[in-house]
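Undergrad: Mind having a look at this structure? Questions to follow.
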Amino acid sequence: MLIEPFLRIFTGPNKAEEINKLLKAIVTPLVALGIFLLLWSAGASQIKTSLGAVPGPTQVWEQAVNLLDEHKEERQKEAAFYERQEKRNAKKLAQNPDAEIKIRPYTGKATYLDQIWTSIYTVMTGFLIASLIAIPIGIMCGLSPLIYTALNPLIQIFKPVSPLAWLPIVMMIVSAVYVSDDPMFDKSYLNSAITVTLCCLWPTIINTTVGVSSIDKDLINVSKVLRLTWLTKVFKIVIPSSIPMMFAGLRVSLGIGWMVLIAAEMLAQNPGLGKFVWDEFQNGSSNSLARIMVAVFTIGLVGFLLDRLMLMLQKSISWDKSAVIR
Amino acid sequence: MDSYLELSHVTIDFPTPNGPFRALDKVKLSIEKGEFISLIGHSGCGKSTVLNIIAGLHQATEGGVILNGKEVSEPGPDRAVVFQNHSLLPWMTAYENVELAVKQVFKNQKSKEEMKEWIEHNLELVHMSHAMDKRPDELSGGMKQRVGIARALSMEPKVMLMDEPFGALDALTRAHMQDSLMEIQAELNNTVIMITHDVDEAVLLSDRIVMMTNGPAATVGEILKVDLERPRDRLALAEVPEYNHYRAEVVRFLHERYKNPEAEEEADSGSDVDAETAMASEEKAEVQDKQKKEDDAPVLYAVND
């Protein structure tokens, strides 16, 4: 997908034109980016906050490098920690082969990359749960006007609810219901994931419903003439023909889920990028603003990559290769 | 009477906000096994509704359809339908489209190899073996319709229902398809009911032509028996006086006895708005569809390859 324009330089009939097109496609966004950076650095130095001047691109870049270095350092510490334990255990075993050996887990602080990973992992969990619930509901609503009429008011009421309103309820319910001596998941992870689920459900339900209810009537007639069973009909006709709409919904859902997650993490102090932002804000060092800005860019980039991922999935699943998907 | 397919007093009312709208009134028709019947009539006269009732997609308000001694109450593969716009599943190849039908109809009767053979045989019949693995969007309109016919044939229907199967095709392709259909018909001798707008097509293909009166409350106006020897050849027939006679009969029915209702409406505009709004939505779509087609309906010249 990304290499294609480059390949066309060599394979295309008109090389000069292909190069020209490619340059346009690359240079135009670069120019815009340059202008943006200039405006940013010029504007940022004008504003003095209690934490010093608003950081420009250079400071933000420095902090990005810093955060990476901190991550590497932490990983080295961790490796050293385990190495020390192993050495100690080896020594113990050499003296007494029956000695009890223990390896203590490393409990250093989560690095920036850990936080990113936690957030991605959490949003994917919430999104998957939401999709598993929303797609079947959407299919039922699309197939049966009765079910649609029954559920539509509920969907419409829950759809605009802010994640921040869900969060306290989710937290209370999770801590009441999820009681276990040896918990498989952290409560904070469940809280965030479920909050994401609650906000991811609606676009997928609505889009799937629309997709299913707008299936070509002739195709439904074909399934009637063939006397397909309900399940065969759903899997052979209903789902394939509503996949484009379904994916449109899924993409919106994932986008919303990502935004919701950051907010939930901030509010509930659950591990992840949101917590990182809040911690930095509370920390109030002279680097804090720059580090928060690194987080802002990271959040944007991850959100963009998640959307691309869905797009690729959609393209590989969609039967209509001629459709323009963007 | 013991005919193969019997429509007795089929009447259908569509509910509308202004009360029921009677689309068909006491349609009576009996069809023998192996007969090729054309339904012809002006737009909106309920030809498609007749077909849908036989298919079981619509339920008659009064009267009913008896196929081989059994009343028709729901759709089923013994009454395969070839839809006007092919209605193949776009995400499946030609082979898979036929396979869906074959797997459903011969679930416990045929082995895997037999099914494969049967699918390929049917695609062969419509001359589509070369494009078995292509998806509908890679096929031309005529080829799609061929696959649609193969799908219908593969169900081994008692009666094959064709809703203007060639209506969306250009004249040359249509002629090819008609020849193909005659060829298949000569081999399998299916019972076929076909809706058409094309007088030449009706005369060329049919054993009997059922001409319908104009709606609302349309019914069978006249039935014309076409006594032309088979196999029929469109080129040779053009010279045969009987052929021209049959043609003229149909044209006379359509243009003298039951004029196009839209043409009349244009004469005194705005006369029958109620009937228009009362028309069931799909009938309306059909009218619009067919109007468009009639406007650019090409004259069918003799084609042979």
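Letters A, B, ... mark the chains of the structure tokens in the order given; residue numbers begin at 1 per chain; ligand numbers begin at 1, in order shown.
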Name the residues in contact with stretch 214-228 of chain B at a cut-off of 10 Å, using only C-alpha atoms, excluding same-chain residues fewer than 4 positions from it; report them as a ChimeraX atom specification.
TA: /B:9-13,21-29,37-47,50,202-210,232,237,240,242-243,245-247,249-250,253-254,257-261,275-276,278-279
Undergrad: Applying 7 Å and only C-alpha atoms, which residues near stretch 239-243 of chain A remain after dropping the ones on its own chain fewer than 2 positions away? List them as a PDB file with C-alpha atoms, in the first residue's frame.
TA:
```pdb
ATOM      1  CA  THR A 208     -24.282  -2.937  11.937  1.00  0.00           C
ATOM      2  CA  GLY A 211     -25.838  -2.403   7.267  1.00  0.00           C
ATOM      3  CA  VAL A 212     -27.958  -5.448   7.961  1.00  0.00           C
ATOM      4  CA  ILE A 215     -29.285  -5.708   2.467  1.00  0.00           C
ATOM      5  CA  VAL A 234     -26.690 -14.910   8.683  1.00  0.00           C
ATOM      6  CA  PHE A 235     -23.245 -16.261   7.873  1.00  0.00           C
ATOM      7  CA  LYS A 236     -23.506 -16.574   4.093  1.00  0.00           C
ATOM      8  CA  ILE A 237     -25.600 -13.531   3.255  1.00  0.00           C
ATOM      9  CA  MET A 245     -20.961  -0.844   7.306  1.00  0.00           C
ATOM     10  CA  MET A 246     -19.883  -3.003  10.204  1.00  0.00           C
ATOM     11  CA  PHE A 247     -16.284  -1.956   9.734  1.00  0.00           C
ATOM     12  CA  SER A 318     -13.974  -6.700   2.249  1.00  0.00           C
TER      13      SER A 318
END
```
Undergrad: Enumerate as a ChimeraX atom specification the residues belonging to chain A that approach chain B to within 12 Å, with only C-alpha atoms taken into account.
TA: /A:215-229,232-233,235-244,317-323
Undergrad: I'd like to know which of B:Gly64, B:Met160, B:Gly142, B:Ser111 is closest to B:Ile193, using only C-alpha atoms.
TA: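 Using only C-alpha atoms, the shortest distance to B:Ile193 belongs to B:Met160.
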Undergrad: Set the distance at 12 Å and use only C-alpha atoms: which residues neighbour A:Ala110 once local chain neighbours fewer than 6 positions away are removed? I'd like the list as a count of residues only.
TA: 16
Undergrad: Taking only stretch 201-246 of chain A into account, list the residues labelled helix (DSSP H, G or I) by DSSP (computed from the backbone), as a PyMOL selection string.
TA: chain A and resi 201-213+217-225+230-246
